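Data from coords-v7.txt: compact mmCIF, C-alpha atoms and all ligand atoms
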```txt
# COMPACT_ATOMS: atom_id res chain seq x y z
CA MET A 1 123.53 -1.22 -14.96
CA SER A 2 122.72 -3.88 -17.52
CA THR A 3 122.73 -2.75 -21.14
CA VAL A 4 120.80 -5.81 -22.25
CA LYS A 5 117.43 -4.64 -23.57
CA PRO A 6 114.29 -6.63 -22.76
CA ARG A 7 111.43 -6.93 -25.28
CA LYS A 8 109.58 -3.63 -25.66
CA GLN A 9 106.41 -5.07 -24.06
CA MET A 10 108.25 -5.34 -20.73
CA GLU A 11 108.13 -1.55 -20.34
CA GLN A 12 104.36 -1.71 -19.95
CA ILE A 13 104.18 -4.27 -17.17
CA ALA A 14 105.18 -4.56 -13.54
CA MET A 15 105.67 -7.51 -11.25
CA TYR A 16 102.41 -8.93 -9.86
CA ALA A 17 101.56 -7.40 -6.48
CA PRO A 18 100.15 -10.26 -4.38
CA GLY A 19 98.28 -10.02 -1.08
CA LYS A 20 100.87 -9.45 1.63
CA PRO A 21 102.08 -12.79 3.01
CA VAL A 22 101.47 -13.45 6.72
CA GLU A 23 105.18 -14.16 7.34
CA GLU A 24 106.19 -10.81 5.83
CA LEU A 25 103.93 -8.82 8.14
CA GLN A 26 105.07 -10.89 11.12
CA ARG A 27 108.70 -10.05 10.31
CA GLU A 28 107.94 -6.37 9.71
CA LEU A 29 105.90 -5.76 12.86
CA GLY A 30 107.42 -8.41 15.13
CA ILE A 31 103.91 -9.68 15.92
CA THR A 32 102.78 -13.27 15.82
CA HIS A 33 99.01 -12.97 15.50
CA VAL A 34 98.28 -12.00 11.94
CA ILE A 35 95.17 -12.77 9.94
CA LYS A 36 95.21 -12.77 6.16
CA MET A 37 91.99 -11.88 4.40
CA ALA A 38 93.68 -10.71 1.24
CA SER A 39 94.04 -13.46 -1.37
CA ASN A 40 90.71 -15.29 -1.35
CA GLU A 41 92.29 -18.40 0.13
CA ASN A 42 90.23 -20.98 2.01
CA PRO A 43 90.55 -20.12 5.75
CA TYR A 44 89.67 -23.73 6.66
CA GLY A 45 92.78 -25.10 4.94
CA SER A 46 92.39 -28.11 2.68
CA SER A 47 90.79 -31.53 2.90
CA PRO A 48 92.51 -33.97 5.31
CA LEU A 49 92.40 -36.45 2.42
CA ALA A 50 94.48 -34.07 0.30
CA GLN A 51 96.96 -33.54 3.12
CA GLN A 52 97.33 -37.29 3.61
CA ALA A 53 97.86 -37.76 -0.12
CA VAL A 54 100.68 -35.19 -0.09
CA GLN A 55 102.34 -37.01 2.82
CA ASN A 56 102.08 -40.34 1.04
CA GLU A 57 103.68 -38.82 -2.05
CA ILE A 58 106.78 -37.55 -0.20
CA LYS A 59 108.68 -40.73 -1.01
CA ASN A 60 108.40 -39.98 -4.74
CA THR A 61 110.05 -36.55 -4.84
CA HIS A 62 112.81 -37.84 -7.14
CA TYR A 63 110.34 -38.70 -9.94
CA TYR A 64 109.05 -36.18 -12.45
CA PRO A 65 105.26 -35.90 -12.52
CA GLU A 66 103.20 -37.22 -15.44
CA ILE A 67 102.89 -34.36 -17.90
CA THR A 68 99.13 -34.43 -18.52
CA ALA A 69 98.02 -35.53 -15.03
CA PRO A 70 96.10 -38.46 -16.58
CA VAL A 71 94.73 -39.96 -13.36
CA LEU A 72 93.43 -36.59 -12.21
CA ALA A 73 92.05 -35.91 -15.70
CA GLU A 74 90.12 -39.19 -15.70
CA LYS A 75 88.57 -38.54 -12.33
CA LEU A 76 87.81 -34.86 -12.87
CA ALA A 77 86.26 -35.59 -16.27
CA ALA A 78 83.90 -38.09 -14.62
CA HIS A 79 83.20 -35.59 -11.83
CA LEU A 80 82.31 -32.86 -14.34
CA ASN A 81 80.68 -35.26 -16.78
CA ILE A 82 82.85 -34.17 -19.71
CA ASP A 83 85.28 -35.83 -22.12
CA LYS A 84 88.77 -35.88 -20.58
CA ASN A 85 90.25 -34.57 -23.84
CA ARG A 86 88.62 -31.26 -23.01
CA LEU A 87 90.79 -30.80 -19.91
CA ILE A 88 94.20 -29.22 -19.52
CA PHE A 89 95.89 -28.68 -16.16
CA GLY A 90 98.12 -25.76 -15.31
CA ASN A 91 100.42 -24.53 -12.60
CA GLY A 92 97.38 -22.73 -11.25
CA SER A 93 94.76 -21.41 -13.65
CA ASP A 94 97.22 -18.52 -14.00
CA GLU A 95 99.20 -20.76 -16.31
CA ILE A 96 96.18 -21.54 -18.47
CA ILE A 97 95.61 -17.80 -18.95
CA ARG A 98 99.24 -17.47 -20.07
CA LEU A 99 99.00 -20.50 -22.36
CA LEU A 100 95.90 -19.04 -24.00
CA THR A 101 97.50 -15.71 -24.80
CA ARG A 102 100.81 -17.30 -25.80
CA THR A 103 99.08 -19.74 -28.13
CA TYR A 104 96.48 -17.46 -29.71
CA ILE A 105 97.55 -13.82 -29.44
CA GLU A 106 99.62 -12.31 -32.22
CA GLU A 107 101.06 -8.80 -32.42
CA ASN A 108 98.25 -6.18 -32.25
CA ASP A 109 95.42 -8.65 -31.71
CA GLU A 110 92.82 -7.10 -29.44
CA VAL A 111 91.61 -8.79 -26.27
CA ILE A 112 88.49 -7.51 -24.54
CA MET A 113 88.15 -7.60 -20.75
CA ALA A 114 86.35 -5.71 -18.01
CA SER A 115 87.78 -2.84 -16.06
CA VAL A 116 88.32 -3.77 -13.26
CA THR A 117 89.02 -7.50 -13.37
CA PHE A 118 91.71 -10.11 -12.65
CA PRO A 119 94.98 -8.40 -13.69
CA ARG A 120 96.70 -11.41 -15.22
CA TYR A 121 94.61 -11.18 -18.39
CA LYS A 122 95.98 -7.75 -19.21
CA THR A 123 99.57 -8.56 -18.27
CA ASN A 124 99.70 -11.70 -20.40
CA VAL A 125 98.05 -10.01 -23.36
CA ILE A 126 100.66 -7.25 -23.25
CA ILE A 127 103.59 -9.67 -22.91
CA ASP A 128 102.38 -11.54 -25.97
CA GLY A 129 102.16 -8.36 -28.05
CA GLY A 130 98.37 -8.02 -27.95
CA VAL A 131 96.30 -4.96 -27.11
CA PRO A 132 94.07 -5.10 -24.01
CA VAL A 133 90.72 -3.41 -24.59
CA GLU A 134 89.27 -2.62 -21.19
CA VAL A 135 85.53 -2.05 -20.94
CA GLU A 136 84.14 -0.09 -18.02
CA MET A 137 81.87 -2.11 -15.71
CA LYS A 138 78.43 -1.06 -14.51
CA GLU A 139 78.21 -1.02 -10.71
CA GLY A 140 80.96 -3.59 -10.35
CA THR A 141 79.42 -5.95 -12.94
CA HIS A 142 80.59 -6.79 -16.47
CA ASP A 143 78.79 -4.69 -19.07
CA LEU A 144 78.36 -7.40 -21.69
CA GLN A 145 76.57 -5.11 -24.11
CA ALA A 146 79.47 -2.69 -24.11
CA MET A 147 81.91 -5.61 -24.40
CA ARG A 148 79.98 -6.86 -27.45
CA ALA A 149 80.13 -3.40 -28.95
CA ALA A 150 83.91 -3.33 -28.43
CA ILE A 151 84.46 -6.26 -30.85
CA THR A 152 86.37 -5.25 -33.99
CA ASP A 153 88.10 -7.06 -36.87
CA LYS A 154 91.15 -7.29 -34.64
CA THR A 155 89.45 -8.96 -31.65
CA LYS A 156 90.88 -12.41 -30.93
CA MET A 157 89.88 -13.17 -27.36
CA ILE A 158 87.45 -12.03 -24.66
CA PHE A 159 87.78 -12.62 -20.92
CA VAL A 160 84.66 -12.73 -18.74
CA CYS A 161 85.52 -13.22 -15.08
CA ASN A 162 82.40 -14.80 -13.57
CA PRO A 163 82.24 -14.25 -10.62
CA ASN A 164 84.46 -11.25 -11.08
CA ASN A 165 87.57 -10.64 -9.04
CA PRO A 166 87.76 -8.10 -7.33
CA THR A 167 84.05 -7.18 -7.18
CA GLY A 168 82.54 -10.65 -6.52
CA THR A 169 79.63 -10.02 -8.91
CA ILE A 170 78.21 -12.34 -11.56
CA VAL A 171 76.47 -11.76 -14.88
CA GLY A 172 73.01 -13.28 -15.40
CA ALA A 173 72.75 -16.68 -17.12
CA LYS A 174 70.58 -15.53 -20.02
CA GLU A 175 72.67 -12.44 -20.58
CA LEU A 176 75.91 -14.41 -20.71
CA LEU A 177 74.46 -17.03 -23.04
CA GLU A 178 73.18 -14.36 -25.41
CA PHE A 179 76.61 -12.77 -25.31
CA ILE A 180 78.37 -16.05 -26.14
CA GLU A 181 75.90 -16.62 -29.00
CA SER A 182 76.63 -13.18 -30.39
CA VAL A 183 80.42 -13.52 -30.47
CA PRO A 184 81.83 -14.62 -33.86
CA ALA A 185 83.18 -18.19 -33.75
CA HIS A 186 86.80 -17.20 -34.51
CA ILE A 187 87.02 -15.24 -31.24
CA VAL A 188 87.90 -17.19 -28.09
CA VAL A 189 85.53 -16.54 -25.17
CA VAL A 190 87.24 -17.35 -21.88
CA VAL A 191 84.94 -17.50 -18.85
CA ASP A 192 87.11 -17.50 -15.74
CA GLU A 193 85.21 -19.45 -13.08
CA ALA A 194 87.84 -19.55 -10.33
CA TYR A 195 85.07 -19.07 -7.73
CA TYR A 196 82.52 -21.34 -9.46
CA GLU A 197 82.00 -23.64 -6.47
CA TYR A 198 80.96 -20.76 -4.20
CA VAL A 199 78.10 -19.64 -6.45
CA HIS A 200 74.62 -20.82 -5.64
CA THR A 201 72.01 -18.99 -7.57
CA ASP A 202 70.00 -20.35 -10.47
CA ASP A 203 70.84 -17.27 -12.47
CA TYR A 204 74.37 -18.48 -13.24
CA LEU A 205 75.33 -20.01 -16.56
CA GLU A 206 76.60 -23.60 -16.53
CA THR A 207 79.10 -22.99 -19.30
CA LEU A 208 80.04 -26.68 -19.59
CA ASP A 209 76.55 -27.36 -20.97
CA TYR A 210 77.38 -25.16 -23.98
CA MET A 211 80.87 -26.37 -24.88
CA GLU A 212 79.66 -28.66 -27.69
CA GLN A 213 77.56 -25.92 -29.19
CA TYR A 214 80.25 -23.21 -28.95
CA PRO A 215 83.71 -24.62 -29.74
CA ASN A 216 85.24 -21.19 -29.02
CA LEU A 217 84.01 -21.26 -25.39
CA ILE A 218 86.50 -21.97 -22.58
CA SER A 219 85.99 -22.27 -18.84
CA LEU A 220 88.81 -21.82 -16.29
CA ARG A 221 88.65 -23.33 -12.82
CA THR A 222 91.06 -23.96 -9.99
CA PHE A 223 91.91 -26.06 -6.94
CA SER A 224 93.35 -22.93 -5.26
CA LYS A 225 90.12 -21.51 -3.89
CA ILE A 226 87.41 -23.72 -2.38
CA TYR A 227 89.70 -26.78 -2.40
CA GLY A 228 92.34 -24.84 -0.46
CA LEU A 229 95.35 -25.97 -2.51
CA ALA A 230 96.68 -22.52 -3.53
CA SER A 231 100.27 -23.29 -2.54
CA LEU A 232 100.45 -26.48 -4.61
CA ARG A 233 99.42 -24.70 -7.83
CA VAL A 234 96.87 -26.61 -9.83
CA GLY A 235 94.12 -25.16 -11.96
CA TYR A 236 92.51 -26.28 -15.19
CA GLY A 237 90.75 -25.25 -18.35
CA ILE A 238 87.80 -26.95 -20.03
CA MET A 239 87.68 -26.39 -23.78
CA HIS A 240 87.38 -27.91 -27.23
CA PRO A 241 89.91 -30.80 -27.55
CA ASP A 242 91.60 -29.02 -30.50
CA ILE A 243 92.28 -25.95 -28.37
CA ALA A 244 93.47 -28.13 -25.47
CA GLY A 245 95.80 -29.87 -27.95
CA GLU A 246 97.35 -26.55 -29.00
CA LEU A 247 97.87 -25.48 -25.38
CA LEU A 248 99.47 -28.83 -24.55
CA LYS A 249 102.13 -28.16 -27.20
CA ASN A 250 102.89 -24.85 -25.53
CA LYS A 251 103.00 -25.77 -21.84
CA ASP A 252 106.06 -26.60 -19.78
CA PRO A 253 106.19 -30.39 -19.68
CA PHE A 254 106.20 -30.91 -15.92
CA ASN A 255 104.00 -27.95 -15.00
CA VAL A 256 101.82 -29.64 -12.36
CA ASN A 257 103.91 -31.26 -9.65
CA ARG A 258 103.20 -34.67 -8.11
CA PHE A 259 101.89 -33.24 -4.81
CA ALA A 260 99.42 -31.04 -6.63
CA GLN A 261 98.18 -33.93 -8.73
CA VAL A 262 97.57 -36.30 -5.82
CA ALA A 263 96.10 -33.61 -3.57
CA ALA A 264 93.65 -32.46 -6.24
CA LEU A 265 92.68 -36.06 -6.89
CA ALA A 266 92.01 -36.75 -3.21
CA SER A 267 90.12 -33.45 -2.78
CA LEU A 268 87.50 -34.60 -5.24
CA ASP A 269 86.50 -37.33 -2.77
CA ASP A 270 85.86 -34.96 0.11
CA GLU A 271 82.39 -33.56 -0.37
CA GLU A 272 82.05 -32.88 3.33
CA PHE A 273 85.00 -30.47 3.34
CA MET A 274 83.58 -28.69 0.33
CA ASN A 275 80.05 -28.44 1.75
CA ASN A 276 81.29 -27.23 5.13
CA THR A 277 83.43 -24.58 3.46
CA LYS A 278 80.43 -23.36 1.47
CA THR A 279 78.12 -23.25 4.49
CA TRP A 280 80.66 -21.46 6.68
CA ASN A 281 81.59 -19.07 3.89
CA ASP A 282 77.95 -18.13 3.32
CA ALA A 283 77.45 -17.45 7.02
CA GLY A 284 80.66 -15.42 7.20
CA ARG A 285 79.77 -13.40 4.13
CA ARG A 286 76.31 -12.60 5.53
CA TYR A 287 77.88 -11.54 8.82
CA LEU A 288 80.43 -9.24 7.16
CA GLU A 289 77.85 -7.77 4.78
CA ASP A 290 75.46 -7.10 7.67
CA GLU A 291 78.15 -5.55 9.85
CA CYS A 292 79.28 -3.33 6.99
CA GLN A 293 75.70 -2.32 6.27
CA LYS A 294 75.18 -1.38 9.93
CA ARG A 295 78.12 0.98 9.52
CA GLU A 296 76.66 2.30 6.25
CA LEU A 297 79.51 0.85 4.23
CA PRO A 298 78.00 -0.57 1.03
CA SER A 299 79.44 -3.58 -0.77
CA PHE A 300 78.92 -5.08 -4.22
CA PRO A 301 76.61 -8.15 -4.23
CA SER A 302 79.13 -10.99 -3.85
CA HIS A 303 78.80 -14.62 -4.97
CA THR A 304 82.26 -15.55 -3.76
CA ASN A 305 84.49 -15.92 -0.71
CA PHE A 306 85.28 -12.19 -0.62
CA ILE A 307 83.48 -8.87 -0.52
CA MET A 308 84.41 -5.48 -1.89
CA VAL A 309 83.37 -2.81 0.59
CA ASP A 310 83.29 0.94 0.29
CA THR A 311 84.95 2.31 3.43
CA LYS A 312 84.27 5.89 2.27
CA ARG A 313 87.81 6.65 3.30
CA PRO A 314 91.13 6.42 1.43
CA ALA A 315 91.69 2.68 0.97
CA GLU A 316 95.45 2.93 1.33
CA LYS A 317 95.15 4.49 4.78
CA VAL A 318 92.57 1.94 5.88
CA TYR A 319 94.84 -0.83 4.60
CA ASN A 320 97.90 0.48 6.45
CA GLU A 321 96.02 0.94 9.71
CA LEU A 322 94.53 -2.55 9.48
CA LEU A 323 98.05 -3.91 8.89
CA LYS A 324 99.22 -2.31 12.14
CA ARG A 325 96.45 -4.31 13.83
CA GLY A 326 97.62 -7.54 12.22
CA VAL A 327 94.87 -7.72 9.58
CA ILE A 328 95.81 -8.04 5.91
CA ILE A 329 93.21 -7.12 3.29
CA ARG A 330 93.48 -5.79 -0.29
CA PRO A 331 93.19 -2.05 -0.79
CA GLY A 332 91.15 -0.93 -3.78
CA HIS A 333 93.26 2.09 -4.74
CA MET A 334 95.56 -0.15 -6.76
CA MET A 335 92.56 -1.50 -8.67
CA GLY A 336 90.81 1.77 -9.46
CA TYR A 337 88.57 1.84 -6.38
CA PRO A 338 90.19 4.49 -4.17
CA THR A 339 87.87 4.07 -1.18
CA MET A 340 87.09 0.35 -1.38
CA ILE A 341 88.76 -2.67 0.16
CA ARG A 342 88.50 -6.33 -0.83
CA VAL A 343 88.15 -8.62 2.14
CA THR A 344 88.30 -12.42 1.98
CA ILE A 345 85.67 -14.10 4.15
CA GLY A 346 87.55 -15.60 7.09
CA THR A 347 86.69 -18.00 9.88
CA GLU A 348 84.18 -16.78 12.46
CA ASP A 349 87.01 -15.58 14.72
CA GLU A 350 88.81 -13.84 11.87
CA ASN A 351 85.64 -12.07 10.76
CA HIS A 352 85.05 -10.77 14.29
CA LEU A 353 88.67 -9.62 14.60
CA PHE A 354 88.41 -7.85 11.26
CA ILE A 355 85.26 -5.95 12.29
CA LYS A 356 86.85 -5.01 15.62
CA ALA A 357 89.98 -3.70 13.86
CA LEU A 358 87.89 -1.94 11.22
CA ASP A 359 85.89 -0.15 13.91
CA GLU A 360 89.11 1.15 15.44
CA VAL A 361 90.41 2.28 12.07
CA LEU A 362 87.17 3.99 11.02
CA GLN A 363 87.36 6.18 14.10
CA LEU A 364 90.88 7.43 13.44
CA GLN A 365 90.98 11.10 12.54
CA GLU A 366 93.88 10.63 10.10
CA VAL A 367 92.00 7.94 8.18
CA THR A 368 88.78 9.93 8.00
CA GLU A 369 90.46 13.09 6.72
CA ARG A 370 90.70 12.88 2.96
CA GLY A 371 93.88 13.50 1.09
C1 LIG B 401 89.55 -14.74 -11.14
C2 LIG B 401 90.81 -15.49 -10.91
N1 LIG B 401 91.31 -16.24 -11.90
C3 LIG B 401 92.43 -16.93 -11.74
C4 LIG B 401 93.13 -16.92 -10.55
C5 LIG B 401 94.39 -17.69 -10.45
O1 LIG B 401 94.26 -18.73 -9.58
P1 LIG B 401 95.29 -19.94 -9.54
O2 LIG B 401 96.41 -19.61 -10.48
O3 LIG B 401 95.74 -20.04 -8.14
O4 LIG B 401 94.52 -21.13 -10.02
C6 LIG B 401 92.66 -16.14 -9.49
C7 LIG B 401 93.41 -16.04 -8.24
O5 LIG B 401 93.18 -15.26 -7.38
C8 LIG B 401 91.46 -15.41 -9.68
O6 LIG B 401 90.96 -14.65 -8.71
```

If you convert what's in this file into structure tokens, what do you get?
Ligand SMILES: Cc1ncc(COP(=O)(O)O)c(C=O)c1O
Amino acid sequence: MSTVKPRKQMEQIAMYAPGKPVEELQRELGITHVIKMASNENPYGSSPLAQQAVQNEIKNTHYYPEITAPVLAEKLAAHLNIDKNRLIFGNGSDEIIRLLTRTYIEENDEVIMASVTFPRYKTNVIIDGGVPVEVEMKEGTHDLQAMRAAITDKTKMIFVCNPNNPTGTIVGAKELLEFIESVPAHIVVVVDEAYYEYVHTDDYLETLDYMEQYPNLISLRTFSKIYGLASLRVGYGIMHPDIAGELLKNKDPFNVNRFAQVAALASLDDEEFMNNTKTWNDAGRRYLEDECQKRELPSFPSHTNFIMVDTKRPAEKVYNELLKRGVIIRPGHMMGYPTMIRVTIGTEDENHLFIKALDEVLQLQEVTERG
């Protein structure tokens, strides 16, 4: 046993529990056909342009990447119609979350977030000595009024996950803008928009339009979801250039590798891949929502590439039985939803296979019996 003591904050956290990898289940069950609908990845892969860019970059593995991804920054800034000094890239948007807490959170600073939301906010706040203040949601949606009421003299940062993971819900545009207006300027408001590209309703706030007006407003986005580059690890934050400058001082120098930089760059040219993904995702989501409804299994209104469904049975049992049938989803019991499961929208085939497996599982006596 090691007698070396870690920092006291380490007692409060555990290792991140990811969606089960396909390879792991294949090894465990000795089966080859496994479908993963657990981590909100893009089931259509990534753009062929991105894949070609990665192949072309192979010859440069011996070179470090450029530390601020300047070529990608230039192109993305034009794409988003913002000043490139507002951008910072991370090893996934996960890293931007960590950089924000590491740069701004001091011992006992309070950070407000929803319960339940993306778990990395809480973990990073704790590691950096802050105090997570979790505010109960209303029917799977952020309760911005209650979050506003939770602000104290100690509040330093607020996370709004929009759309929210794991529920898939969004907050209304007017409501979010009023919330941002009401937050004192010394508190950082981080709007995590990892699923931004999947949203298509007018009632969704374009946060970038308000960055000038609210220098404490930050948006987080990623190439992991609709762009299908999760394994390469590249996400970004859009923020006031002064905040970006502070985060740049804090980041690991070579945080975004060369493959990630060129793949992200090439992805921006492939509108067709993006539009197809959106169209197919919408159709798949409608199909899954309808099928669940037919079985009287309600789900939260989703604006993303996943749905959170109430199976009305213990989620852990449903999860384990689906695993036996080669289907990986995310059980809600670990997130405070004991009977719900989060299912990533798959390809047409995957969605059908999921419903078929779910039907089998719902009929099992041992799953239906509570306890
Ligand atoms: C809401 C949200 N934010 C951030 C992330 C992190 O994404 P990445 O680090 O791959 O950019 C995820 C990943 O699932 C997410 O769901």

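Going from atom CA of A:Asn275 over to atom CA of A:Asn85, you cover 28.2 Å.
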
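Across the model, the gap from atom CA of A:Asn60 to atom CA of A:Glu271 is 27.1 Å.
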
Could you check which of A:Leu248, A:Leu72, A:Arg258, A:Ile170 is closest to A:Glu57, using only C-alpha atoms?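 Under the stated criterion, the closest residue is A:Arg258.
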
Taking only C-alpha atoms and all ligand atoms into account, which residues are within 10 Å of ligand LIG 401 (chain B), as a short mmCIF file (atom, residue, chain, number, x, y, z; two decimals) with C-alpha atoms, in the coordinates of the input?
```
data_model
loop_
_atom_site.label_atom_id
_atom_site.label_comp_id
_atom_site.auth_asym_id
_atom_site.auth_seq_id
_atom_site.Cartn_x
_atom_site.Cartn_y
_atom_site.Cartn_z
CA PRO A 18 100.15 -10.26 -4.38
CA GLY A 19 98.28 -10.02 -1.08
CA ALA A 38 93.68 -10.71 1.24
CA SER A 39 94.04 -13.46 -1.37
CA ASN A 40 90.71 -15.29 -1.35
CA GLU A 41 92.29 -18.40 0.13
CA PHE A 89 95.89 -28.68 -16.16
CA GLY A 90 98.12 -25.76 -15.31
CA ASN A 91 100.42 -24.53 -12.60
CA GLY A 92 97.38 -22.73 -11.25
CA SER A 93 94.76 -21.41 -13.65
CA ASP A 94 97.22 -18.52 -14.00
CA GLU A 95 99.20 -20.76 -16.31
CA ILE A 96 96.18 -21.54 -18.47
CA ILE A 97 95.61 -17.80 -18.95
CA THR A 117 89.02 -7.50 -13.37
CA PHE A 118 91.71 -10.11 -12.65
CA PRO A 119 94.98 -8.40 -13.69
CA ARG A 120 96.70 -11.41 -15.22
CA TYR A 121 94.61 -11.18 -18.39
CA VAL A 160 84.66 -12.73 -18.74
CA CYS A 161 85.52 -13.22 -15.08
CA ASN A 162 82.40 -14.80 -13.57
CA PRO A 163 82.24 -14.25 -10.62
CA ASN A 164 84.46 -11.25 -11.08
CA ASN A 165 87.57 -10.64 -9.04
CA PRO A 166 87.76 -8.10 -7.33
CA GLY A 168 82.54 -10.65 -6.52
CA VAL A 191 84.94 -17.50 -18.85
CA ASP A 192 87.11 -17.50 -15.74
CA GLU A 193 85.21 -19.45 -13.08
CA ALA A 194 87.84 -19.55 -10.33
CA TYR A 195 85.07 -19.07 -7.73
CA TYR A 196 82.52 -21.34 -9.46
CA LEU A 220 88.81 -21.82 -16.29
CA ARG A 221 88.65 -23.33 -12.82
CA THR A 222 91.06 -23.96 -9.99
CA PHE A 223 91.91 -26.06 -6.94
CA SER A 224 93.35 -22.93 -5.26
CA LYS A 225 90.12 -21.51 -3.89
CA GLY A 228 92.34 -24.84 -0.46
CA LEU A 229 95.35 -25.97 -2.51
CA ALA A 230 96.68 -22.52 -3.53
CA SER A 231 100.27 -23.29 -2.54
CA LEU A 232 100.45 -26.48 -4.61
CA ARG A 233 99.42 -24.70 -7.83
CA VAL A 234 96.87 -26.61 -9.83
CA GLY A 235 94.12 -25.16 -11.96
CA TYR A 236 92.51 -26.28 -15.19
#
```

Contacts of A:Gly332 at 10 Å or less, counting all atoms listed in the file, minus same-chain residues fewer than 6 places along, as a short mmCIF file (atom, residue, chain, number, x, y, z; two decimals) with C-alpha atoms, keeping the file's coordinate frame?
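Wrote it out as out-v6.cif, contents follow:
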```cif
data_model
loop_
_atom_site.label_atom_id
_atom_site.label_comp_id
_atom_site.auth_asym_id
_atom_site.auth_seq_id
_atom_site.Cartn_x
_atom_site.Cartn_y
_atom_site.Cartn_z
CA PRO A 166 87.76 -8.10 -7.33
CA MET A 308 84.41 -5.48 -1.89
CA VAL A 309 83.37 -2.81 0.59
CA ASP A 310 83.29 0.94 0.29
CA PRO A 314 91.13 6.42 1.43
CA ALA A 315 91.69 2.68 0.97
CA GLU A 316 95.45 2.93 1.33
CA TYR A 319 94.84 -0.83 4.60
CA PRO A 338 90.19 4.49 -4.17
CA THR A 339 87.87 4.07 -1.18
CA MET A 340 87.09 0.35 -1.38
CA ILE A 341 88.76 -2.67 0.16
CA ARG A 342 88.50 -6.33 -0.83
#
```

Between atom CA of A:Ile345 and atom CA of A:Trp280 - distance in Å to one decimal: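 Value for the atom CA of A:Trp280-atom CA of A:Ile345 distance: 9.3 Å.
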
Leaving out A:Pro132 and any residue of its chain fewer than 4 positions from it, which residues lie within 9 Å of it when counting all atoms listed in the file, given as a PyMOL selection string? chain A and resi 109-113+121-123+125-126

Just the residues within 9 Å of A:Lys174, please, counting all atoms listed in the file, with nothing from its chain fewer than 5 positions along; format it as a VMD selection string. chain A and resid 179 203 to 205

Considering all atoms listed in the file, can you say which of A:Lys36, A:Lys84, A:Lys317, A:Lys324 comes closest to A:Met239? A:Lys84

Please provide as a PyMOL selection string all residues within 8 Å of A:Ile180, with the sequence filter that same-chain residues fewer than 4 positions apart are discarded (counting only C-alpha atoms). chain A and resi 176+189+214+217

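In this comparison, which uses only C-alpha atoms, the residue of A:Arg102, A:Arg7, A:Lys75, A:Lys20 approaching A:Val327 most closely is A:Lys20.
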
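Across A:Thr155, A:Gln261, A:Thr201, A:Ser115, the tightest approach to A:Glu74 is made by A:Gln261 when counting only C-alpha atoms.
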
Measuring between all atoms listed in the file, which one of A:Gly336, A:Pro298, A:Gly129, A:Gly245 shows the shortest distance to A:Glu11?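 Among A:Gly336, A:Pro298, A:Gly129, A:Gly245, it is A:Gly129 that comes nearest to A:Glu11.
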
Closest to A:Asp153 among A:Gly172, A:Asn108, A:Asn320, A:Ile127, using only C-alpha atoms?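 The closest residue to A:Asp153 is A:Asn108.
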
So which residues fall inside 12 Å of (79.0, -6.2, 8.5) if we count only C-alpha atoms? Mind giving them as a short mmCIF file (atom, residue, chain, number, x, y, z; two decimals) with C-alpha atoms, in the coordinates of the input?
```cif
data_model
loop_
_atom_site.label_atom_id
_atom_site.label_comp_id
_atom_site.auth_asym_id
_atom_site.auth_seq_id
_atom_site.Cartn_x
_atom_site.Cartn_y
_atom_site.Cartn_z
CA ALA A 283 77.45 -17.45 7.02
CA GLY A 284 80.66 -15.42 7.20
CA ARG A 285 79.77 -13.40 4.13
CA ARG A 286 76.31 -12.60 5.53
CA TYR A 287 77.88 -11.54 8.82
CA LEU A 288 80.43 -9.24 7.16
CA GLU A 289 77.85 -7.77 4.78
CA ASP A 290 75.46 -7.10 7.67
CA GLU A 291 78.15 -5.55 9.85
CA CYS A 292 79.28 -3.33 6.99
CA GLN A 293 75.70 -2.32 6.27
CA LYS A 294 75.18 -1.38 9.93
CA ARG A 295 78.12 0.98 9.52
CA GLU A 296 76.66 2.30 6.25
CA LEU A 297 79.51 0.85 4.23
CA PRO A 298 78.00 -0.57 1.03
CA SER A 299 79.44 -3.58 -0.77
CA ILE A 307 83.48 -8.87 -0.52
CA MET A 308 84.41 -5.48 -1.89
CA VAL A 309 83.37 -2.81 0.59
CA ASP A 310 83.29 0.94 0.29
CA THR A 311 84.95 2.31 3.43
CA VAL A 343 88.15 -8.62 2.14
CA ILE A 345 85.67 -14.10 4.15
CA ASN A 351 85.64 -12.07 10.76
CA HIS A 352 85.05 -10.77 14.29
CA LEU A 353 88.67 -9.62 14.60
CA PHE A 354 88.41 -7.85 11.26
CA ILE A 355 85.26 -5.95 12.29
CA LYS A 356 86.85 -5.01 15.62
CA LEU A 358 87.89 -1.94 11.22
CA ASP A 359 85.89 -0.15 13.91
#
```

Specify the axis-aligned box that encloses all atoms of stretch 249-255 of chain A listed in the file after padding of 6 Å on each side, stating its centre and edge lengths in Å to one decimal as AutoDock Vina command-line options.
```
--center_x 104.2 --center_y -27.9 --center_z -21.1 --size_x 16.1 --size_y 18.1 --size_z 24.2
```

Skip A:Tyr227 itself and residues of its chain fewer than 5 positions away, then list as a compact mmCIF listing (two decimals) with C-alpha atoms, keeping the file's coordinate frame all residues within 9 Å of it, counting all atoms listed in the file.
```
# COMPACT_ATOMS: atom_id res chain seq x y z
CA ASN A 42 90.23 -20.98 2.01
CA GLY A 45 92.78 -25.10 4.94
CA SER A 46 92.39 -28.11 2.68
CA SER A 47 90.79 -31.53 2.90
CA THR A 222 91.06 -23.96 -9.99
CA ALA A 264 93.65 -32.46 -6.24
CA SER A 267 90.12 -33.45 -2.78
CA LEU A 268 87.50 -34.60 -5.24
CA PHE A 273 85.00 -30.47 3.34
CA MET A 274 83.58 -28.69 0.33
CA THR A 277 83.43 -24.58 3.46
```
